[in-house]
Each structure stands twice: as structure tokens, then as C-alpha cells.
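Enquirer: final.pdb (PDB, C-alpha atoms and all ligand atoms) pasted underneath:
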MODEL        1
ATOM      1  CA  MET F 190       0.000   0.000   0.000
ATOM      2  CA  ASN F 191       1.169   3.476  -0.855
ATOM      3  CA  TYR F 192       0.774   7.169  -0.062
ATOM      4  CA  THR F 193       0.656   9.746  -2.850
ATOM      5  CA  LEU F 194       2.964  12.760  -2.622
ATOM      6  CA  SER F 195       1.768  16.250  -3.553
ATOM      7  CA  ASN F 196       3.332  15.892  -7.029
ATOM      8  CA  GLY F 197       1.463  12.628  -7.671
ATOM      9  CA  VAL F 198       4.408  10.291  -7.011
ATOM     10  CA  SER F 199       3.417   7.080  -5.247
ATOM     11  CA  ILE F 200       5.501   6.107  -2.198
ATOM     12  CA  PRO F 201       5.321   2.743  -0.352
ATOM     13  CA  ARG F 202       3.844   3.505   3.064
ATOM     14  CA  ILE F 203       6.527   1.678   5.076
ATOM     15  CA  GLY F 204      10.219   2.298   4.381
ATOM     16  CA  PHE F 205      13.260   0.318   5.450
ATOM     17  CA  GLY F 206      15.684   2.341   7.606
ATOM     18  CA  THR F 207      19.459   1.952   7.210
ATOM     19  CA  TRP F 208      20.866   4.305   9.891
ATOM     20  CA  GLN F 209      23.590   2.573  11.940
ATOM     21  CA  THR F 210      23.631  -0.442   9.648
ATOM     22  CA  PRO F 211      27.309  -1.384   9.194
ATOM     23  CA  ASP F 212      28.889  -0.689   5.790
ATOM     24  CA  ASP F 213      29.637  -4.312   4.960
ATOM     25  CA  GLN F 214      27.826  -7.535   4.154
ATOM     26  CA  THR F 215      25.419  -6.693   7.024
ATOM     27  CA  ALA F 216      23.886  -3.892   4.956
ATOM     28  CA  VAL F 217      23.824  -5.997   1.791
ATOM     29  CA  ASP F 218      22.005  -8.804   3.615
ATOM     30  CA  ALA F 219      19.617  -6.459   5.452
ATOM     31  CA  VAL F 220      18.456  -4.813   2.217
ATOM     32  CA  LYS F 221      18.148  -8.176   0.424
ATOM     33  CA  THR F 222      16.118  -9.557   3.342
ATOM     34  CA  ALA F 223      13.929  -6.452   3.357
ATOM     35  CA  PHE F 224      13.038  -6.923  -0.324
ATOM     36  CA  ALA F 225      12.339 -10.620   0.261
ATOM     37  CA  CYS F 226       9.997  -9.644   3.145
ATOM     38  CA  GLY F 227       8.059  -7.251   0.930
ATOM     39  CA  TYR F 228       9.643  -3.839   1.581
ATOM     40  CA  ARG F 229       9.884  -1.784  -1.610
ATOM     41  CA  HIS F 230      11.180   1.435  -0.053
ATOM     42  CA  ILE F 231      14.732   1.992   1.200
ATOM     43  CA  ASP F 232      15.704   5.046   3.255
ATOM     44  CA  ALA F 233      19.412   5.878   2.921
ATOM     45  CA  ALA F 234      21.645   8.894   3.616
ATOM     46  CA  ALA F 235      25.197   9.900   2.768
ATOM     47  CA  VAL F 236      26.048  10.420   6.452
ATOM     48  CA  TYR F 237      25.115   6.836   7.301
ATOM     49  CA  ALA F 238      28.402   6.009   5.507
ATOM     50  CA  ASN F 239      27.022   2.758   4.111
ATOM     51  CA  GLU F 240      25.553   3.738   0.736
ATOM     52  CA  LYS F 241      27.916   1.487  -1.238
ATOM     53  CA  SER F 242      26.786  -1.591   0.723
ATOM     54  CA  VAL F 243      23.147  -0.506   0.651
ATOM     55  CA  GLY F 244      23.526  -0.086  -3.117
ATOM     56  CA  ARG F 245      24.972  -3.586  -3.448
ATOM     57  CA  GLY F 246      22.034  -4.917  -1.430
ATOM     58  CA  ILE F 247      19.637  -3.120  -3.778
ATOM     59  CA  ALA F 248      21.349  -4.529  -6.894
ATOM     60  CA  VAL F 249      21.519  -8.090  -5.571
ATOM     61  CA  GLY F 250      18.002  -7.940  -4.111
ATOM     62  CA  LEU F 251      16.470  -6.683  -7.372
ATOM     63  CA  SER F 252      18.212  -9.335  -9.417
ATOM     64  CA  GLU F 253      17.442 -12.229  -7.022
ATOM     65  CA  LEU F 254      13.752 -11.342  -6.868
ATOM     66  CA  GLY F 255      13.414 -10.406 -10.549
ATOM     67  CA  LEU F 256      12.347  -6.870  -9.628
ATOM     68  CA  LYS F 257      12.839  -3.782 -11.790
ATOM     69  CA  ARG F 258      14.289  -0.478 -10.616
ATOM     70  CA  GLU F 259      10.850   1.143 -10.951
ATOM     71  CA  ASP F 260       9.395  -1.449  -8.545
ATOM     72  CA  ILE F 261      11.289   0.130  -5.652
ATOM     73  CA  PHE F 262      11.538   3.565  -4.044
ATOM     74  CA  VAL F 263      14.932   4.865  -2.886
ATOM     75  CA  THR F 264      15.550   7.948  -0.746
ATOM     76  CA  SER F 265      18.800   9.648   0.220
ATOM     77  CA  LYS F 266      19.764  12.903   1.952
ATOM     78  CA  VAL F 267      22.359  15.624   1.533
ATOM     79  CA  TRP F 268      24.501  15.985   4.660
ATOM     80  CA  ASN F 269      25.100  19.209   6.586
ATOM     81  CA  THR F 270      28.698  19.731   5.409
ATOM     82  CA  GLU F 271      27.524  19.765   1.777
ATOM     83  CA  ARG F 272      24.981  22.590   1.964
ATOM     84  CA  GLY F 273      24.808  25.178  -0.819
ATOM     85  CA  TYR F 274      24.025  24.861  -4.526
ATOM     86  CA  GLU F 275      27.260  23.490  -6.005
ATOM     87  CA  ARG F 276      28.215  21.281  -3.068
ATOM     88  CA  THR F 277      24.738  19.738  -2.959
ATOM     89  CA  LEU F 278      24.877  18.856  -6.659
ATOM     90  CA  ALA F 279      28.283  17.221  -6.136
ATOM     91  CA  ALA F 280      27.035  15.362  -3.034
ATOM     92  CA  PHE F 281      24.079  14.078  -5.027
ATOM     93  CA  ASP F 282      26.370  12.722  -7.758
ATOM     94  CA  LYS F 283      28.454  10.878  -5.149
ATOM     95  CA  THR F 284      25.387   9.383  -3.473
ATOM     96  CA  LEU F 285      23.974   8.247  -6.810
ATOM     97  CA  SER F 286      27.270   6.617  -7.739
ATOM     98  CA  ASP F 287      27.702   4.994  -4.289
ATOM     99  CA  LEU F 288      24.184   3.570  -4.476
ATOM    100  CA  GLY F 289      24.825   2.460  -8.074
ATOM    101  CA  LEU F 290      21.595   4.072  -9.294
ATOM    102  CA  GLU F 291      20.632   6.313 -12.210
ATOM    103  CA  TYR F 292      18.028   8.314 -10.330
ATOM    104  CA  LEU F 293      16.563   8.652  -6.838
ATOM    105  CA  ASP F 294      12.894   8.609  -5.964
ATOM    106  CA  LEU F 295      13.315  11.157  -3.166
ATOM    107  CA  TYR F 296      16.178  13.435  -2.108
ATOM    108  CA  LEU F 297      16.060  15.296   1.207
ATOM    109  CA  ILE F 298      17.946  18.078   3.001
ATOM    110  CA  HIS F 299      19.031  16.098   6.091
ATOM    111  CA  TRP F 300      18.920  18.983   8.616
ATOM    112  CA  PRO F 301      18.078  22.665   8.220
ATOM    113  CA  ALA F 302      20.848  25.249   8.510
ATOM    114  CA  VAL F 303      19.812  27.197  11.629
ATOM    115  CA  LYS F 304      20.340  30.612  13.184
ATOM    116  CA  LYS F 305      22.541  29.361  16.020
ATOM    117  CA  GLN F 306      25.260  28.187  13.627
ATOM    118  CA  PHE F 307      24.625  30.570  10.734
ATOM    119  CA  PRO F 308      23.144  33.738  12.308
ATOM    120  CA  ASP F 309      23.144  35.794   9.098
ATOM    121  CA  SER F 310      23.006  33.181   6.375
ATOM    122  CA  TRP F 311      20.851  30.244   7.494
ATOM    123  CA  GLU F 312      17.905  31.215   5.293
ATOM    124  CA  ASP F 313      20.039  31.746   2.184
ATOM    125  CA  LEU F 314      21.923  28.542   2.851
ATOM    126  CA  ASN F 315      18.740  26.479   3.022
ATOM    127  CA  ALA F 316      17.428  28.250  -0.080
ATOM    128  CA  SER F 317      20.572  27.570  -2.139
ATOM    129  CA  THR F 318      20.627  23.900  -1.066
ATOM    130  CA  TRP F 319      16.965  23.707  -2.005
ATOM    131  CA  ARG F 320      17.614  25.300  -5.434
ATOM    132  CA  ALA F 321      19.949  22.376  -6.175
ATOM    133  CA  LEU F 322      17.175  19.925  -5.287
ATOM    134  CA  GLU F 323      14.749  21.833  -7.522
ATOM    135  CA  LYS F 324      17.259  21.551 -10.384
ATOM    136  CA  LEU F 325      17.647  17.782  -9.836
ATOM    137  CA  LEU F 326      13.860  17.464  -9.875
ATOM    138  CA  ALA F 327      13.533  19.501 -13.083
ATOM    139  CA  GLU F 328      16.204  17.348 -14.749
ATOM    140  CA  GLY F 329      14.481  14.102 -13.734
ATOM    141  CA  LYS F 330      17.400  12.914 -11.609
ATOM    142  CA  VAL F 331      15.028  12.717  -8.632
ATOM    143  CA  ARG F 332      11.286  12.071  -8.732
ATOM    144  CA  SER F 333      10.493  14.065  -5.601
ATOM    145  CA  ILE F 334      12.242  16.324  -3.089
ATOM    146  CA  GLY F 335      11.838  17.156   0.560
ATOM    147  CA  VAL F 336      13.420  18.053   3.869
ATOM    148  CA  SER F 337      14.162  16.398   7.167
ATOM    149  CA  ASN F 338      14.068  17.720  10.723
ATOM    150  CA  PHE F 339      12.527  21.050   9.623
ATOM    151  CA  TYR F 340      10.273  22.969  12.045
ATOM    152  CA  GLU F 341       7.526  25.323  10.905
ATOM    153  CA  HIS F 342       9.776  28.412  10.895
ATOM    154  CA  HIS F 343      12.387  26.649   8.735
ATOM    155  CA  LEU F 344       9.655  25.653   6.300
ATOM    156  CA  GLN F 345       8.059  29.128   6.245
ATOM    157  CA  SER F 346      11.445  30.633   5.432
ATOM    158  CA  LEU F 347      11.946  28.095   2.627
ATOM    159  CA  PHE F 348       8.444  28.696   1.239
ATOM    160  CA  ALA F 349       9.286  32.398   0.874
ATOM    161  CA  ARG F 350      12.337  31.519  -1.239
ATOM    162  CA  CYS F 351      11.435  28.398  -3.217
ATOM    163  CA  LYS F 352       9.571  27.534  -6.410
ATOM    164  CA  VAL F 353       8.652  23.946  -5.490
ATOM    165  CA  LYS F 354       7.315  23.123  -2.014
ATOM    166  CA  PRO F 355       8.830  20.101  -0.231
ATOM    167  CA  MET F 356       6.776  16.943  -0.673
ATOM    168  CA  VAL F 357       8.100  15.275   2.491
ATOM    169  CA  ASN F 358       9.392  16.227   5.945
ATOM    170  CA  GLN F 359      11.159  13.336   7.674
ATOM    171  CA  ILE F 360      11.200  13.896  11.453
ATOM    172  CA  GLU F 361      11.694  11.921  14.647
ATOM    173  CA  TYR F 362       8.256  10.480  15.357
ATOM    174  CA  HIS F 363       7.268   7.607  17.594
ATOM    175  CA  PRO F 364       5.021   6.863  20.581
ATOM    176  CA  GLY F 365       6.211   9.240  23.288
ATOM    177  CA  PHE F 366       7.467  11.801  20.761
ATOM    178  CA  ARG F 367       5.020  12.958  18.127
ATOM    179  CA  GLN F 368       5.922  16.622  17.451
ATOM    180  CA  GLN F 369       2.253  17.374  16.854
ATOM    181  CA  SER F 370       2.653  21.037  15.840
ATOM    182  CA  VAL F 371       5.120  20.148  13.042
ATOM    183  CA  VAL F 372       2.884  17.283  11.942
ATOM    184  CA  ASP F 373      -0.234  19.503  11.865
ATOM    185  CA  PHE F 374       1.557  22.262   9.967
ATOM    186  CA  CYS F 375       2.958  19.856   7.356
ATOM    187  CA  ARG F 376      -0.423  18.227   6.917
ATOM    188  CA  SER F 377      -2.038  21.612   6.278
ATOM    189  CA  GLU F 378       0.627  22.237   3.596
ATOM    190  CA  GLY F 379       0.204  18.820   1.915
ATOM    191  CA  ILE F 380       3.648  17.633   3.108
ATOM    192  CA  LEU F 381       3.879  13.932   4.027
ATOM    193  CA  ILE F 382       5.488  13.199   7.404
ATOM    194  CA  GLU F 383       8.015  10.360   7.411
ATOM    195  CA  ALA F 384       8.860   8.956  10.851
ATOM    196  CA  TRP F 385      12.501   8.313  11.696
ATOM    197  CA  SER F 386      13.170   6.037  14.647
ATOM    198  CA  PRO F 387       9.521   4.904  14.724
ATOM    199  CA  LEU F 388      10.519   2.439  17.457
ATOM    200  CA  GLY F 389      12.311   5.143  19.461
ATOM    201  CA  ARG F 390      15.557   3.263  18.684
ATOM    202  CA  GLY F 391      14.207   0.430  20.766
ATOM    203  CA  SER F 392      13.529   2.324  23.990
ATOM    204  CA  VAL F 393       9.761   2.611  23.494
ATOM    205  CA  LEU F 394       9.639  -1.176  23.278
ATOM    206  CA  THR F 395       9.685  -1.654  27.056
ATOM    207  CA  ASN F 396       7.183   1.082  27.897
ATOM    208  CA  PRO F 397       4.538  -0.593  30.134
ATOM    209  CA  VAL F 398       1.554   1.032  28.371
ATOM    210  CA  MET F 399       2.894  -0.145  25.004
ATOM    211  CA  VAL F 400       3.663  -3.631  26.328
ATOM    212  CA  ASP F 401       0.138  -3.924  27.736
ATOM    213  CA  ILE F 402      -1.638  -2.758  24.561
ATOM    214  CA  ALA F 403       0.552  -4.954  22.354
ATOM    215  CA  ALA F 404      -0.215  -8.011  24.500
ATOM    216  CA  ARG F 405      -3.943  -7.326  24.276
ATOM    217  CA  LEU F 406      -3.774  -6.987  20.486
ATOM    218  CA  LYS F 407      -1.483 -10.046  20.260
ATOM    219  CA  VAL F 408       1.223  -8.135  18.349
ATOM    220  CA  SER F 409       4.755  -7.055  19.252
ATOM    221  CA  VAL F 410       5.417  -3.548  20.554
ATOM    222  CA  ALA F 411       7.475  -2.831  17.414
ATOM    223  CA  GLN F 412       4.488  -3.774  15.249
ATOM    224  CA  LEU F 413       2.294  -1.570  17.452
ATOM    225  CA  CYS F 414       4.674   1.375  16.866
ATOM    226  CA  VAL F 415       4.607   0.875  13.090
ATOM    227  CA  ALA F 416       0.803   0.497  13.014
ATOM    228  CA  TRP F 417       0.381   3.598  15.205
ATOM    229  CA  CYS F 418       2.483   5.659  12.749
ATOM    230  CA  LEU F 419       0.354   4.429   9.839
ATOM    231  CA  GLN F 420      -2.937   5.083  11.637
ATOM    232  CA  ASN F 421      -1.716   8.637  12.267
ATOM    233  CA  ARG F 422      -1.059   8.882   8.488
ATOM    234  CA  THR F 423       2.714   9.086   8.776
ATOM    235  CA  LEU F 424       5.254   6.911   6.966
ATOM    236  CA  PRO F 425       7.366   4.801   9.366
ATOM    237  CA  LEU F 426      10.981   3.852   8.559
ATOM    238  CA  PRO F 427      11.787   0.987  10.957
ATOM    239  CA  LYS F 428      15.440  -0.087  10.938
ATOM    240  CA  SER F 429      16.708  -3.554  11.715
ATOM    241  CA  VAL F 430      19.512  -5.889  10.686
ATOM    242  CA  THR F 431      17.792  -8.907  12.277
ATOM    243  CA  PRO F 432      15.884 -11.008   9.702
ATOM    244  CA  SER F 433      13.013 -11.975  12.040
ATOM    245  CA  ARG F 434      12.509  -8.323  13.053
ATOM    246  CA  ILE F 435      12.780  -7.079   9.468
ATOM    247  CA  ALA F 436       9.975  -9.497   8.586
ATOM    248  CA  ALA F 437       7.804  -8.719  11.625
ATOM    249  CA  ASN F 438       8.057  -4.922  11.323
ATOM    250  CA  ILE F 439       6.179  -4.915   8.006
ATOM    251  CA  GLN F 440       3.431  -7.328   9.144
ATOM    252  CA  VAL F 441       1.017  -4.721  10.432
ATOM    253  CA  ASP F 442      -2.368  -5.461   8.904
ATOM    254  CA  PHE F 443      -4.291  -4.905  12.129
ATOM    255  CA  GLU F 444      -6.296  -1.973  13.455
ATOM    256  CA  ILE F 445      -5.526  -0.267  16.775
ATOM    257  CA  PRO F 446      -8.887   0.539  18.457
ATOM    258  CA  GLN F 447      -9.554   4.243  19.037
ATOM    259  CA  ALA F 448      -9.193   4.053  22.844
ATOM    260  CA  GLN F 449      -5.750   2.481  22.521
ATOM    261  CA  MET F 450      -4.729   4.972  19.823
ATOM    262  CA  GLN F 451      -5.588   7.738  22.257
ATOM    263  CA  ALA F 452      -3.679   6.081  25.081
ATOM    264  CA  ILE F 453      -0.579   5.896  22.844
ATOM    265  CA  ASP F 454      -1.076   9.453  21.538
ATOM    266  CA  ASN F 455      -1.165  10.639  25.154
ATOM    267  CA  LEU F 456       1.978   8.856  26.370
ATOM    268  CA  PRO F 457       4.311  11.229  28.207
ATOM    269  CA  GLU F 458       7.562  11.926  26.409
ATOM    270  CA  CYS F 459       9.785   8.859  26.174
ATOM    271  CA  GLY F 460      12.514   7.514  23.953
ATOM    272  CA  SER F 461      13.306  10.818  22.282
ATOM    273  CA  SER F 462      16.799  11.373  20.852
ATOM    274  CA  GLY F 463      16.881  14.829  22.462
ATOM    275  CA  LEU F 464      17.986  16.342  19.160
ATOM    276  CA  ASN F 465      16.535  19.806  18.583
ATOM    277  CA  ALA F 466      17.121  21.134  15.053
ATOM    278  CA  ASP F 467      17.611  24.704  16.339
ATOM    279  CA  GLU F 468      20.301  23.602  18.804
ATOM    280  CA  ILE F 469      22.325  20.992  16.940
ATOM    281  CA  ASP F 470      26.065  21.547  16.631
ATOM    282  CA  PHE F 471      26.744  19.173  13.726
TER     283      PHE F 471
HETATM  284  P1  LIG I   1      18.530  -4.446  15.222
HETATM  285  O1  LIG I   1      18.876  -3.621  13.996
HETATM  286  O2  LIG I   1      19.755  -4.988  15.908
HETATM  287  O3  LIG I   1      17.514  -5.516  14.919
HETATM  288  P2  LIG I   1      14.410   2.660  15.071
HETATM  289  O4  LIG I   1      13.964   2.171  13.725
HETATM  290  O5  LIG I   1      13.322   3.258  15.880
HETATM  291  O6  LIG I   1      15.612   3.587  14.991
HETATM  292  O7  LIG I   1      14.870   1.396  15.924
HETATM  293  C1  LIG I   1      15.950   0.615  15.511
HETATM  294  C2  LIG I   1      16.448  -0.212  16.681
HETATM  295  O8  LIG I   1      15.418  -1.065  17.134
HETATM  296  C3  LIG I   1      17.621  -1.064  16.303
HETATM  297  O9  LIG I   1      18.454  -1.132  17.443
HETATM  298  C4  LIG I   1      16.991  -2.426  16.020
HETATM  299  O10 LIG I   1      17.891  -3.475  16.320
HETATM  300  C5  LIG I   1      15.833  -2.426  16.992
HETATM  301  N1  LIG I   1      14.671  -3.150  16.468
HETATM  302  C6  LIG I   1      14.182  -3.103  15.217
HETATM  303  N2  LIG I   1      13.085  -3.874  15.087
HETATM  304  C7  LIG I   1      12.881  -4.436  16.296
HETATM  305  C8  LIG I   1      11.909  -5.351  16.806
HETATM  306  N3  LIG I   1      10.931  -5.833  16.026
HETATM  307  N4  LIG I   1      12.011  -5.725  18.103
HETATM  308  C9  LIG I   1      12.995  -5.243  18.889
HETATM  309  N5  LIG I   1      13.941  -4.377  18.477
HETATM  310  C10 LIG I   1      13.886  -3.969  17.188
ENDMDL
END
If you took the structure in this file and wrote it as C-alpha cells, what would it be?
Ligand code: A2P

Expert:
Amino acid sequence: MNYTLSNGVSIPRIGFGTWQTPDDQTAVDAVKTAFACGYRHIDAAAVYANEKSVGRGIAVGLSELGLKREDIFVTSKVWNTERGYERTLAAFDKTLSDLGLEYLDLYLIHWPAVKKQFPDSWEDLNASTWRALEKLLAEGKVRSIGVSNFYEHHLQSLFARCKVKPMVNQIEYHPGFRQQSVVDFCRSEGILIEAWSPLGRGSVLTNPVMVDIAARLKVSVAQLCVAWCLQNRTLPLPKSVTPSRIAANIQVDFEIPQAQMQAIDNLPECGSSGLNADEIDF
């Protein structure tokens, strides 16, 4: 099942995360296993420093399963050291070559440039990075473009300077951390929210409320997290290198009853990375 982005591009509603996956056979095997389990959407990034192995996994996985490039959806992101028009274009070329692909389905600005680090130039810096993404889109080298970790004021600033609005904002989003104001703003602007660390990097998995609801629904807490993201119309990107977990995390064809949805929505903050885009120093 898929979501449709604001430019009409169809995007599989669960993606496979690759952050912290080692740049060796582990990544190759994880991506191959993900395809075999039914994932058709891979979420990569230059800073994960594993795009060559992820790319090998994509190539081997496609060939073993007889899939075509257009059967899958691949995302990557431009890292913070490569901001600006020319550097972003060069970073894109490197990512494309590392992944061994001829185009990407989605390319994102990984983090906004912010006032704390760039007091006078953060808005121009985001705008020039974004202009590079607009060029890649116009040339057909990417099918859609977006941002990651942007708050409303970063987006408003970009809107005032861009031709094409982002189609996606990928943010930290999981039970215990749902950034509702960003989600509401993006929804009102037709921007799809992708959820990074939908399992709270594992730490939400032992939350007693989650454990109790999962037991009652006869699912795992990880499956509950993924289903909760989907029921809140976001796109989860669960990461795992463990075959049984890779398989389980996409088996989410169950409904969370409204009362339990509310109980999860109302969880006090837990499992958050603590990263605030306006405060980051990387
Ligand atoms: P591993 O990759 O060793 O299987 P997130 O996607 O929220 O960042 O969470 C990723 C973390 O959660 C990784 O440490 C991953 O471990 C672990 N994880 C992924 N799926 C499951 C699962 N179904 N049950 C328990 N832990 C999981």
C-alpha cells in the first residue's frame, strides 16, 4: 500500500531504515532480506556512511527477486557539510554513484541550517541547497524532493524563497514523541510526514503502556509502533539488521482501536533522541 505525494508520485507507506547499519555484508544482507519480506522502499543517507553496501544490497536484491528499478523507491539525503548549490549537486552525484543508481525517488535536506550556527546566512543557505534539489527534480534525476528535521519556521522561510514546495518532511516520530505542531503544519501544507526512529531506537519497546496494549492486540510492541504511525497517516521507517525483526516490522495489517490509539497518543515523552534542530552543533 502506498501514499501519494503532492506531485502525484506514489511512495510505499513503510520504508526500510538503514541508519547505523554497518557498511559491509550486514547492509547488503539487510536490504536483500527487506526486499524478500516485501519492503519496496529503502531510506538511505550519505552520512550513514554505508551507501555502497546498501547499493549492493539493492542490486543483488532486485536481481534475485526479478524486480525492476521502478518497482522500488529509494531515498537519500544531503549531509550538513555539503549545503549550498554546487556542493549539494556534487554530493548528489556521489550518493547516486555509491548507491549504483541512475536516479533517486526522493532526495532530502538532512537537517536545516539554523540561526545558532549561521546567524546571518541560514535562510540563504537552506534556499541555495533547495535550489539544487529543484534543479535535480527539473532534470528528472530525482522524482520528488523534501526536507528532514525542519520545524515550521524553517519551512516558512523556505516557502518564501522556493519555487517547489517540499513533498516530504522526515522527522523523529514515535510513541512518546510525536511533534504534533510540526505534523499539523505539514499536513495543512500537503507535506507527508516520514517517521525516523519509529521504534524510538528500541527504547519505546519496554514502555509498560505499550507492552500492555501490544499483549492485548497479540502483536509485538514494534508492530504496534509501526501500526500507530500508519494510523496517524505518517510513513514509518523501521530499521533492523535482524531477519526476524525485518519481517515482523512490516506485518502490520491490524487496526488499533480508538481508545488504545488515544492512550498511545497521550503517552508522556519517552525515547526521544533529544535532538533539537535549532540547537544541533553538527
Ligand atoms: P537491530 O537492527 O539490531 O535488529 P528505530 O527504527 O526506531 O531507529 O529502531 C531501531 C532499533 O530497534 C535497532 O536497534 C533495532 O535493532 C531495533 N529493532 C528493530 N526492530 C525491532 C523489533 N521488532 N524488536 C525489537 N527491536 C527492534

Enquirer: Using all atoms listed in the file, which protein or nucleic acid residues come within 10 Å of F:Leu381? Drop anything in the same chain fewer than 5 positions from it, and give the result as an MDAnalysis selection string.

Expert: chainID F and resid 192:195 335 355:359 372 375:376 422:424

Enquirer: Would you compute an axis-aligned box for stretch 290-300 of chain F, covering every atom listed for it in the file with 4 Å of margin on each side, and report centre and edge lengths in Å to one decimal as AutoDock Vina command-line options?

Expert:
--center_x 17.2 --center_y 11.5 --center_z -1.8 --size_x 16.7 --size_y 22.9 --size_z 28.8

Enquirer: Using only C-alpha atoms, pick whichever of F:Asn269, F:Thr222, F:Gln440, F:Asn465 has the shortest atom-to-atom distance to F:Leu254.

Expert: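 The answer is F:Thr222, which sits nearest to F:Leu254.
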
Enquirer: If you count all atoms listed in the file, which residues fall within 8 Å of F:Gly289, apart from same-chain ones fewer than 6 positions away, as a PyMOL selection string?

Expert: chain F and resi 241+244-245+248

Enquirer: Could you pull out the residues sitting within 6 Å of ligand LIG 1 (chain I), using all atoms listed in the file, and write them as a PyMOL selection string?

Expert: chain F and resi 386-391+411+427-431+434+438

Enquirer: Determine the nearest neighbour of F:Cys414 from the options F:Ser392, F:Ser337, F:Gln214, F:Ser310, counting only C-alpha atoms.

Expert: F:Ser392

Enquirer: Please report the interatomic distance between atom CA of F:Thr207 and atom CA of F:Asp232 in Å with one decimal.

Expert: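 Atom CA of F:Asp232 lies at a distance of 6.3 Å from atom CA of F:Thr207.
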
Enquirer: Which distance in Å separates atom CA of F:Lys221 and atom CA of F:Ile435, to one decimal?

Expert: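 Here the two named atoms are 10.6 Å from each other.
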
Enquirer: Take the PyMOL selection byres (((chain F and resi 242) around 6) and not hetatm), run it mentally on this structure, and tell me the resulting residues as an MDAnalysis selection string.

Expert: chainID F and resid 212:213 216:217 239:241 243:245

Enquirer: Next, write the just-selected residues to a file, as a CSV table (one decimal), keeping the file's coordinate frame, keeping C-alpha atoms as the atom set.

Expert:
chain,number,residue,atom,x,y,z
F,212,ASP,CA,28.9,-0.7,5.8
F,213,ASP,CA,29.6,-4.3,5.0
F,216,ALA,CA,23.9,-3.9,5.0
F,217,VAL,CA,23.8,-6.0,1.8
F,239,ASN,CA,27.0,2.8,4.1
F,240,GLU,CA,25.6,3.7,0.7
F,241,LYS,CA,27.9,1.5,-1.2
F,243,VAL,CA,23.1,-0.5,0.7
F,244,GLY,CA,23.5,-0.1,-3.1
F,245,ARG,CA,25.0,-3.6,-3.4

Enquirer: With all atoms listed in the file as the atoms that count, which of F:Ile445, F:Leu347, F:Ile380, F:Ile469 lies nearest to F:Lys304?

Expert: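 Checking each candidate against F:Lys304, we get F:Ile469 as the closest.
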
Enquirer: Taking the file above as input, evaluate the PyMOL selection byres (((chain F and resi 461) around 8) and not hetatm) and report the hits as a list in words.

Expert: Glu361, Gly365, Phe366, Gly389, Glu458, Cys459, Gly460, Ser462, Gly463 and Leu464 of chain F

Enquirer: One number please: atom CA of F:Val353 to atom CA of F:Leu278, in Å, one decimal.

Expert: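 Interatomic distance here is 17.0 Å.
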
Enquirer: Taking into account all atoms listed in the file, which residue in the set F:Ala436, F:Ala316, F:Asp470, F:Gln209 is nearest to F:Gly227?

Expert: F:Ala436

Enquirer: Identify all residues satisfying the PyMOL selection byres (((chain F and resi 270) around 12) and not hetatm) in the given file; provide them as an MDAnalysis selection string.

Expert: chainID F and resid 235:236 266:269 271:273 276:277 279:280 298:302 314 318 470:471
